[in-house]
$ cat structure_39.txt   # compact mmCIF, N, CA and C atoms
# COMPACT_ATOMS: atom_id res chain seq x y z
N SER A 177 91.75 131.47 132.45
CA SER A 177 92.86 130.88 133.18
C SER A 177 93.83 130.21 132.21
N LYS A 178 95.01 129.96 132.68
CA LYS A 178 96.08 129.39 131.86
C LYS A 178 95.93 127.87 131.77
N THR A 179 96.05 127.32 130.56
CA THR A 179 95.94 125.87 130.38
C THR A 179 97.23 125.18 130.79
N PRO A 180 97.12 123.99 131.38
CA PRO A 180 98.33 123.22 131.71
C PRO A 180 98.81 122.37 130.54
N TYR A 181 98.06 122.36 129.44
CA TYR A 181 98.36 121.47 128.32
C TYR A 181 99.13 122.21 127.23
N VAL A 182 100.39 121.82 127.05
CA VAL A 182 101.26 122.47 126.07
C VAL A 182 101.90 121.39 125.21
N LEU A 183 101.56 121.36 123.92
CA LEU A 183 102.15 120.42 122.98
C LEU A 183 103.10 121.17 122.05
N VAL A 184 104.31 120.64 121.90
CA VAL A 184 105.31 121.26 121.05
C VAL A 184 105.59 120.33 119.87
N ASP A 185 105.35 120.81 118.65
CA ASP A 185 105.70 120.10 117.42
C ASP A 185 107.02 120.70 116.96
N PHE A 186 108.10 119.94 117.12
CA PHE A 186 109.43 120.46 116.76
C PHE A 186 109.83 119.89 115.41
N HIS A 187 109.72 120.73 114.38
CA HIS A 187 110.01 120.34 113.00
C HIS A 187 111.49 120.58 112.73
N ALA A 188 112.29 119.52 112.87
CA ALA A 188 113.74 119.65 112.73
C ALA A 188 114.32 118.36 112.17
N GLU A 189 115.50 118.46 111.59
CA GLU A 189 116.18 117.30 111.00
C GLU A 189 117.00 116.54 112.04
N ALA A 190 117.77 117.26 112.83
CA ALA A 190 118.74 116.63 113.73
C ALA A 190 118.07 116.08 114.99
N THR A 191 118.31 114.80 115.25
CA THR A 191 117.75 114.19 116.46
C THR A 191 118.32 114.82 117.72
N SER A 192 119.58 115.22 117.67
CA SER A 192 120.19 115.83 118.86
C SER A 192 119.48 117.12 119.25
N GLU A 193 119.04 117.90 118.27
CA GLU A 193 118.30 119.13 118.57
C GLU A 193 116.97 118.80 119.24
N LYS A 194 116.32 117.76 118.76
CA LYS A 194 115.02 117.38 119.31
C LYS A 194 115.15 116.89 120.75
N VAL A 195 116.13 116.04 121.01
CA VAL A 195 116.35 115.53 122.37
C VAL A 195 116.72 116.67 123.31
N ALA A 196 117.59 117.56 122.86
CA ALA A 196 118.01 118.69 123.70
C ALA A 196 116.82 119.58 124.05
N LEU A 197 115.98 119.92 123.06
CA LEU A 197 114.83 120.77 123.34
C LEU A 197 113.86 120.07 124.29
N ALA A 198 113.63 118.78 124.10
CA ALA A 198 112.73 118.05 124.98
C ALA A 198 113.22 118.09 126.42
N ASN A 199 114.51 117.91 126.62
CA ASN A 199 115.06 117.96 127.98
C ASN A 199 114.99 119.38 128.55
N PHE A 200 115.20 120.38 127.71
CA PHE A 200 115.08 121.77 128.15
C PHE A 200 113.65 122.08 128.59
N LEU A 201 112.66 121.53 127.87
CA LEU A 201 111.25 121.79 128.16
C LEU A 201 110.63 120.80 129.13
N ASP A 202 111.41 119.82 129.60
CA ASP A 202 110.87 118.81 130.52
C ASP A 202 110.28 119.49 131.76
N GLY A 203 109.03 119.19 132.02
CA GLY A 203 108.32 119.79 133.14
C GLY A 203 107.62 121.10 132.78
N LYS A 204 107.93 121.65 131.61
CA LYS A 204 107.29 122.90 131.16
C LYS A 204 106.26 122.63 130.05
N ALA A 205 106.49 121.60 129.25
CA ALA A 205 105.58 121.23 128.16
C ALA A 205 105.01 119.84 128.45
N SER A 206 103.78 119.63 128.01
CA SER A 206 103.16 118.31 128.18
C SER A 206 103.87 117.27 127.32
N ALA A 207 104.22 117.66 126.10
CA ALA A 207 104.89 116.74 125.19
C ALA A 207 105.66 117.51 124.13
N VAL A 208 106.77 116.92 123.70
CA VAL A 208 107.55 117.43 122.58
C VAL A 208 107.55 116.32 121.53
N LEU A 209 106.93 116.59 120.39
CA LEU A 209 106.78 115.61 119.33
C LEU A 209 107.59 116.07 118.12
N GLY A 210 108.60 115.32 117.77
CA GLY A 210 109.42 115.66 116.62
C GLY A 210 108.73 115.30 115.32
N THR A 211 108.96 116.14 114.31
CA THR A 211 108.47 115.87 112.96
C THR A 211 109.55 116.27 111.97
N HIS A 212 109.39 115.91 110.74
CA HIS A 212 110.18 116.34 109.58
C HIS A 212 110.80 115.18 108.81
N THR A 213 111.34 114.17 109.48
CA THR A 213 112.07 113.13 108.73
C THR A 213 111.14 112.14 108.04
N HIS A 214 109.88 112.12 108.40
CA HIS A 214 108.87 111.22 107.83
C HIS A 214 109.05 109.77 108.25
N VAL A 215 110.00 109.49 109.12
CA VAL A 215 110.26 108.12 109.57
C VAL A 215 109.94 108.04 111.05
N ALA A 216 108.92 107.25 111.40
CA ALA A 216 108.53 107.13 112.80
C ALA A 216 109.65 106.46 113.60
N THR A 217 109.99 107.05 114.73
CA THR A 217 111.01 106.47 115.60
C THR A 217 110.34 105.68 116.72
N ALA A 218 111.11 104.81 117.36
CA ALA A 218 110.59 103.95 118.42
C ALA A 218 111.17 104.34 119.77
N ASP A 219 111.37 105.64 119.99
CA ASP A 219 112.00 106.10 121.22
C ASP A 219 111.05 106.89 122.11
N GLN A 220 109.75 106.66 121.98
CA GLN A 220 108.80 107.39 122.80
C GLN A 220 109.07 107.10 124.28
N ARG A 221 108.96 108.16 125.10
CA ARG A 221 109.20 108.00 126.53
C ARG A 221 108.63 109.19 127.27
N ILE A 222 108.57 109.04 128.57
CA ILE A 222 108.17 110.13 129.45
C ILE A 222 109.41 110.55 130.23
N LEU A 223 109.78 111.82 130.09
CA LEU A 223 110.96 112.35 130.75
C LEU A 223 110.68 112.54 132.25
N PRO A 224 111.72 112.67 133.07
CA PRO A 224 111.54 112.75 134.53
C PRO A 224 110.57 113.83 135.01
N GLY A 225 110.48 114.95 134.30
CA GLY A 225 109.58 116.03 134.70
C GLY A 225 108.16 115.88 134.19
N GLY A 226 107.86 114.77 133.49
CA GLY A 226 106.50 114.51 133.02
C GLY A 226 106.22 114.88 131.58
N THR A 227 107.25 115.27 130.84
CA THR A 227 107.07 115.62 129.43
C THR A 227 107.19 114.38 128.55
N GLY A 228 106.17 114.13 127.72
CA GLY A 228 106.25 113.04 126.76
C GLY A 228 107.14 113.44 125.60
N TYR A 229 107.83 112.44 125.03
CA TYR A 229 108.77 112.76 123.95
C TYR A 229 108.84 111.62 122.94
N ILE A 230 108.96 112.00 121.66
CA ILE A 230 109.32 111.08 120.58
C ILE A 230 110.10 111.89 119.55
N THR A 231 111.16 111.29 118.99
CA THR A 231 112.01 112.01 118.04
C THR A 231 111.27 112.33 116.75
N ASP A 232 110.47 111.39 116.23
CA ASP A 232 109.69 111.68 115.02
C ASP A 232 108.40 110.88 115.02
N ALA A 233 107.29 111.57 114.84
CA ALA A 233 105.97 110.94 114.85
C ALA A 233 105.69 110.15 113.59
N GLY A 234 106.47 110.38 112.53
CA GLY A 234 106.30 109.61 111.30
C GLY A 234 105.52 110.35 110.23
N MET A 235 105.15 109.60 109.19
CA MET A 235 104.56 110.17 107.98
C MET A 235 103.14 109.64 107.77
N CYS A 236 102.34 110.42 107.10
CA CYS A 236 101.05 109.97 106.60
C CYS A 236 101.16 110.02 105.08
N GLY A 237 101.19 108.85 104.43
CA GLY A 237 101.34 108.83 102.98
C GLY A 237 101.67 107.45 102.47
N PRO A 238 102.02 107.35 101.18
CA PRO A 238 102.29 106.07 100.55
C PRO A 238 103.50 105.37 101.18
N LEU A 239 103.33 104.12 101.55
CA LEU A 239 104.38 103.34 102.20
C LEU A 239 105.49 102.95 101.22
N ASP A 240 105.12 102.53 100.01
CA ASP A 240 106.09 102.09 99.01
C ASP A 240 106.58 103.31 98.23
N SER A 241 107.37 104.15 98.89
CA SER A 241 107.78 105.42 98.31
C SER A 241 109.05 105.91 98.98
N VAL A 242 109.54 107.04 98.52
CA VAL A 242 110.62 107.75 99.20
C VAL A 242 109.98 109.02 99.75
N LEU A 243 109.64 108.98 101.02
CA LEU A 243 108.98 110.11 101.69
C LEU A 243 107.71 110.56 100.98
N GLY A 244 106.97 109.59 100.43
CA GLY A 244 105.71 109.89 99.75
C GLY A 244 105.81 110.10 98.26
N VAL A 245 107.04 110.16 97.75
CA VAL A 245 107.29 110.42 96.32
C VAL A 245 107.54 109.10 95.60
N LYS A 246 107.15 109.03 94.31
CA LYS A 246 107.47 107.84 93.51
C LYS A 246 108.96 107.56 93.60
N LYS A 247 109.30 106.31 93.90
CA LYS A 247 110.70 105.93 94.15
C LYS A 247 111.62 106.27 92.99
N GLU A 248 111.18 105.97 91.78
CA GLU A 248 112.05 106.17 90.62
C GLU A 248 112.41 107.65 90.42
N LEU A 249 111.50 108.54 90.78
CA LEU A 249 111.78 109.98 90.64
C LEU A 249 112.78 110.45 91.69
N ALA A 250 112.61 109.98 92.91
CA ALA A 250 113.56 110.36 93.97
C ALA A 250 114.95 109.81 93.66
N ILE A 251 115.01 108.57 93.18
CA ILE A 251 116.30 107.96 92.83
C ILE A 251 116.95 108.73 91.68
N ARG A 252 116.16 109.10 90.67
CA ARG A 252 116.71 109.87 89.54
C ARG A 252 117.32 111.19 90.03
N LYS A 253 116.65 111.85 90.94
CA LYS A 253 117.18 113.12 91.47
C LYS A 253 118.52 112.90 92.16
N PHE A 254 118.64 111.85 92.96
CA PHE A 254 119.89 111.57 93.66
C PHE A 254 121.02 111.21 92.69
N ILE A 255 120.70 110.40 91.70
CA ILE A 255 121.73 109.94 90.76
C ILE A 255 122.20 111.05 89.83
N THR A 256 121.26 111.83 89.29
CA THR A 256 121.62 112.87 88.32
C THR A 256 121.98 114.20 88.96
N LYS A 257 121.59 114.38 90.21
CA LYS A 257 121.79 115.66 90.91
C LYS A 257 121.14 116.82 90.16
N ARG A 258 120.04 116.51 89.49
CA ARG A 258 119.28 117.50 88.73
C ARG A 258 117.87 117.59 89.32
N PRO A 259 117.22 118.73 89.16
CA PRO A 259 115.85 118.86 89.65
C PRO A 259 114.92 117.87 88.94
N VAL A 260 114.00 117.33 89.68
CA VAL A 260 113.00 116.39 89.16
C VAL A 260 111.65 116.81 89.74
N LYS A 261 110.63 116.81 88.90
CA LYS A 261 109.29 117.11 89.39
C LYS A 261 108.77 115.87 90.12
N PHE A 262 108.52 116.03 91.40
CA PHE A 262 108.04 114.90 92.20
C PHE A 262 106.56 114.64 91.96
N GLU A 263 106.20 113.36 92.02
CA GLU A 263 104.81 112.93 91.94
C GLU A 263 104.55 112.03 93.13
N VAL A 264 103.37 112.14 93.70
CA VAL A 264 103.00 111.32 94.85
C VAL A 264 102.86 109.87 94.41
N ALA A 265 103.44 108.98 95.18
CA ALA A 265 103.33 107.54 94.91
C ALA A 265 101.92 107.06 95.25
N SER A 266 101.59 105.87 94.76
CA SER A 266 100.28 105.28 95.07
C SER A 266 100.49 103.96 95.79
N GLY A 267 99.39 103.31 96.11
CA GLY A 267 99.47 102.02 96.77
C GLY A 267 99.14 102.11 98.25
N LEU A 268 99.65 101.15 98.99
CA LEU A 268 99.40 101.05 100.43
C LEU A 268 99.77 102.36 101.12
N THR A 269 98.83 102.89 101.88
CA THR A 269 99.04 104.15 102.58
C THR A 269 99.15 103.90 104.07
N GLU A 270 100.08 104.61 104.71
CA GLU A 270 100.21 104.49 106.16
C GLU A 270 99.94 105.83 106.83
N VAL A 271 99.41 105.73 108.02
CA VAL A 271 99.19 106.89 108.86
C VAL A 271 99.92 106.62 110.17
N ASN A 272 100.89 107.47 110.47
CA ASN A 272 101.62 107.37 111.73
C ASN A 272 101.20 108.52 112.62
N GLY A 273 101.33 108.32 113.90
CA GLY A 273 101.00 109.38 114.85
C GLY A 273 101.40 108.98 116.25
N VAL A 274 100.96 109.77 117.20
CA VAL A 274 101.28 109.55 118.60
C VAL A 274 100.00 109.71 119.42
N TYR A 275 99.77 108.77 120.33
CA TYR A 275 98.65 108.85 121.26
C TYR A 275 99.20 109.27 122.62
N LEU A 276 98.64 110.32 123.18
CA LEU A 276 99.06 110.81 124.49
C LEU A 276 97.90 110.78 125.46
N GLU A 277 98.18 110.43 126.70
CA GLU A 277 97.25 110.66 127.80
C GLU A 277 97.94 111.62 128.74
N LEU A 278 97.22 112.69 129.09
CA LEU A 278 97.75 113.72 129.97
C LEU A 278 96.92 113.79 131.25
N ASP A 279 97.59 114.07 132.37
CA ASP A 279 96.84 114.23 133.62
C ASP A 279 96.34 115.67 133.75
N GLU A 280 95.65 115.95 134.84
CA GLU A 280 95.06 117.29 135.03
C GLU A 280 96.10 118.40 135.17
N ASN A 281 97.36 118.03 135.44
CA ASN A 281 98.43 119.02 135.54
C ASN A 281 99.17 119.23 134.22
N GLY A 282 98.77 118.49 133.18
CA GLY A 282 99.41 118.63 131.88
C GLY A 282 100.59 117.71 131.67
N ASN A 283 100.82 116.79 132.61
CA ASN A 283 101.92 115.83 132.46
C ASN A 283 101.49 114.64 131.63
N THR A 284 102.40 114.12 130.83
CA THR A 284 102.12 112.91 130.06
C THR A 284 102.15 111.71 131.01
N ILE A 285 101.10 110.91 130.97
CA ILE A 285 101.07 109.68 131.77
C ILE A 285 101.11 108.44 130.88
N LYS A 286 100.91 108.65 129.57
CA LYS A 286 100.99 107.54 128.62
C LYS A 286 101.34 108.11 127.25
N ILE A 287 102.25 107.42 126.54
CA ILE A 287 102.60 107.81 125.17
C ILE A 287 102.79 106.54 124.36
N ASN A 288 102.07 106.44 123.26
CA ASN A 288 102.16 105.28 122.36
C ASN A 288 102.26 105.75 120.92
N ARG A 289 103.02 105.00 120.12
CA ARG A 289 103.06 105.25 118.68
C ARG A 289 101.83 104.64 118.05
N LEU A 290 101.34 105.26 116.99
CA LEU A 290 100.21 104.74 116.22
C LEU A 290 100.67 104.48 114.79
N ASN A 291 100.21 103.37 114.22
CA ASN A 291 100.51 103.06 112.83
C ASN A 291 99.32 102.32 112.25
N TYR A 292 98.82 102.83 111.14
CA TYR A 292 97.69 102.24 110.46
C TYR A 292 98.00 102.21 108.97
N CYS A 293 97.83 101.05 108.35
CA CYS A 293 98.07 100.91 106.91
C CYS A 293 96.80 100.48 106.21
N ARG A 294 96.58 101.03 105.00
CA ARG A 294 95.40 100.69 104.23
C ARG A 294 95.65 100.94 102.75
N LYS A 295 95.08 100.06 101.91
CA LYS A 295 95.19 100.25 100.46
C LYS A 295 94.22 101.29 100.00
$ encode --input "structure_39.txt" --output "structure tokens"
Amino acid sequence: SKTPYVLVDFHAEATSEKVALANFLDGKASAVLGTHTHVATADQRILPGGTGYITDAGMCGPLDSVLGVKKELAIRKFITKRPVKFEVASGLTEVNGVYLELDENGNTIKINRLNYCRK
């Protein structure tokens, strides 16, 4: 039989694209979870048709970094406009995510952001 649970991971840069797709899929998908920017957003909500939505679930990686990369390397790339070999930063690590509760019909009944930091 067909499952009522449909999760969409929309890997995109533009927030407008993510919001538009979520509204298009409202009532058809259990949740639309945006990814790509590495920055957790605080706009989680349940759309009128029961679809859970958040623009970006966030990053899992070093907090004191530029998207997980050593800050000085990312800054050098921006300033010089030259290729730089990226290295993963160290230190405090964060894990971001989304907690969903779905009903038997596949509708989101609860959506919460998750954030955990550890050295």
$ atom_distance --input "structure_39.txt" --atom1 "atom N of Val184 in chain A" --atom2 "CA of Asn281 in chain A"
14.9 Å
$ residues_around --input "structure_39.txt" --residues "range 234-245 of chain A" --least-positions-apart "4" --cutoff "10 Å" --atoms "only C-alpha atoms" --output "number ranges by chain"
A: 210-217, 230, 249-251, 261-274, 289-295
$ atom_distance --input "structure_39.txt" --atom1 "atom C of Lys194 in chain A" --atom2 "atom N of Thr231 in chain A"
7.1 Å
$ atom_distance --input "structure_39.txt" --atom1 "atom N of Glu277 in chain A" --atom2 "CA of Ala205 in chain A"
13.2 Å
$ closest_residue --input "structure_39.txt" --among "A:Val195, A:Gly228, A:Lys247, A:Phe200" --to "Tyr181 in chain A" --atoms "only C-alpha atoms"
A:Gly228
$ residues_around --input "structure_39.txt" --residues "Gly226 in chain A" --least-positions-apart "2" --cutoff "5 Å" --atoms "all atoms listed in the file" --output "list in words"
Gly203, Leu223, Pro224, Gly228, Asn283 and Thr284 of chain A
$ write_last_selection --input "structure_39.txt" --atoms "N, CA and C atoms" --output "mmCIF file, keeping the file's coordinate frame"
data_model
loop_
_atom_site.group_PDB
_atom_site.id
_atom_site.type_symbol
_atom_site.label_atom_id
_atom_site.label_comp_id
_atom_site.auth_asym_id
_atom_site.auth_seq_id
_atom_site.Cartn_x
_atom_site.Cartn_y
_atom_site.Cartn_z
ATOM 1 N N GLY A 203 109.030 119.190 132.020
ATOM 2 C CA GLY A 203 108.320 119.790 133.140
ATOM 3 C C GLY A 203 107.620 121.100 132.780
ATOM 4 N N LEU A 223 109.780 111.820 130.090
ATOM 5 C CA LEU A 223 110.960 112.350 130.750
ATOM 6 C C LEU A 223 110.680 112.540 132.250
ATOM 7 N N PRO A 224 111.720 112.670 133.070
ATOM 8 C CA PRO A 224 111.540 112.750 134.530
ATOM 9 C C PRO A 224 110.570 113.830 135.010
ATOM 10 N N GLY A 228 106.170 114.130 127.720
ATOM 11 C CA GLY A 228 106.250 113.040 126.760
ATOM 12 C C GLY A 228 107.140 113.440 125.600
ATOM 13 N N ASN A 283 100.820 116.790 132.610
ATOM 14 C CA ASN A 283 101.920 115.830 132.460
ATOM 15 C C ASN A 283 101.490 114.640 131.630
ATOM 16 N N THR A 284 102.400 114.120 130.830
ATOM 17 C CA THR A 284 102.120 112.910 130.060
ATOM 18 C C THR A 284 102.150 111.710 131.010
#
$ closest_residue --input "structure_39.txt" --among "A:Ser177, A:Asn288, A:Gln220, A:Thr227" --to "Asp202 in chain A" --atoms "only N, CA and C atoms"
A:Thr227
$ select_by_dssp --input "structure_39.txt" --residues "range 227-260 of chain A" --states "strand (DSSP E)" --output "MDAnalysis selection string"
chainID A and resid 228:230 236:238
$ select_by_dssp --input "structure_39.txt" --residues "chain A" --states "helix (DSSP H, G or I)" --output "VMD selection string"
chain A and resid 191 to 201 247 to 256
$ closest_residue --input "structure_39.txt" --among "A:Ser192, A:Ile287, A:Gly282, A:Ile222" --to "Thr179 in chain A" --atoms "only C-alpha atoms"
A:Gly282
$ closest_residue --input "structure_39.txt" --among "A:Arg252, A:Pro180, A:Asn199, A:Lys246" --to "Glu280 in chain A" --atoms "only C-alpha atoms"
A:Pro180
$ decode --input "structure_39.txt" --residues "range 209-231 of chain A" --atoms "C-alpha atoms" --output "PDB file, in the first residue's frame"
ATOM      1  CA  LEU A 209      12.612  20.895   4.810  1.00  0.00           C
ATOM      2  CA  GLY A 210      14.991  23.349   3.190  1.00  0.00           C
ATOM      3  CA  THR A 211      18.731  22.728   3.186  1.00  0.00           C
ATOM      4  CA  HIS A 212      21.872  24.231   1.623  1.00  0.00           C
ATOM      5  CA  THR A 213      22.594  27.569   3.338  1.00  0.00           C
ATOM      6  CA  HIS A 214      23.918  25.900   6.531  1.00  0.00           C
ATOM      7  CA  VAL A 215      22.124  28.535   8.630  1.00  0.00           C
ATOM      8  CA  ALA A 216      19.142  27.304  10.632  1.00  0.00           C
ATOM      9  CA  THR A 217      16.100  29.524  10.171  1.00  0.00           C
ATOM     10  CA  ALA A 218      13.423  30.227  12.784  1.00  0.00           C
ATOM     11  CA  ASP A 219      10.415  30.093  10.460  1.00  0.00           C
ATOM     12  CA  GLN A 220       9.173  26.566  11.116  1.00  0.00           C
ATOM     13  CA  ARG A 221       5.410  26.282  10.712  1.00  0.00           C
ATOM     14  CA  ILE A 222       2.565  24.054   9.658  1.00  0.00           C
ATOM     15  CA  LEU A 223       0.884  25.187   6.447  1.00  0.00           C
ATOM     16  CA  PRO A 224      -2.944  25.162   6.134  1.00  0.00           C
ATOM     17  CA  GLY A 225      -2.985  21.785   4.333  1.00  0.00           C
ATOM     18  CA  GLY A 226      -0.917  20.078   7.062  1.00  0.00           C
ATOM     19  CA  THR A 227       2.549  20.292   5.514  1.00  0.00           C
ATOM     20  CA  GLY A 228       5.373  21.144   7.920  1.00  0.00           C
ATOM     21  CA  TYR A 229       7.878  23.679   6.635  1.00  0.00           C
ATOM     22  CA  ILE A 230      11.208  25.292   7.504  1.00  0.00           C
ATOM     23  CA  THR A 231      13.395  27.317   5.125  1.00  0.00           C
TER      24      THR A 231
END
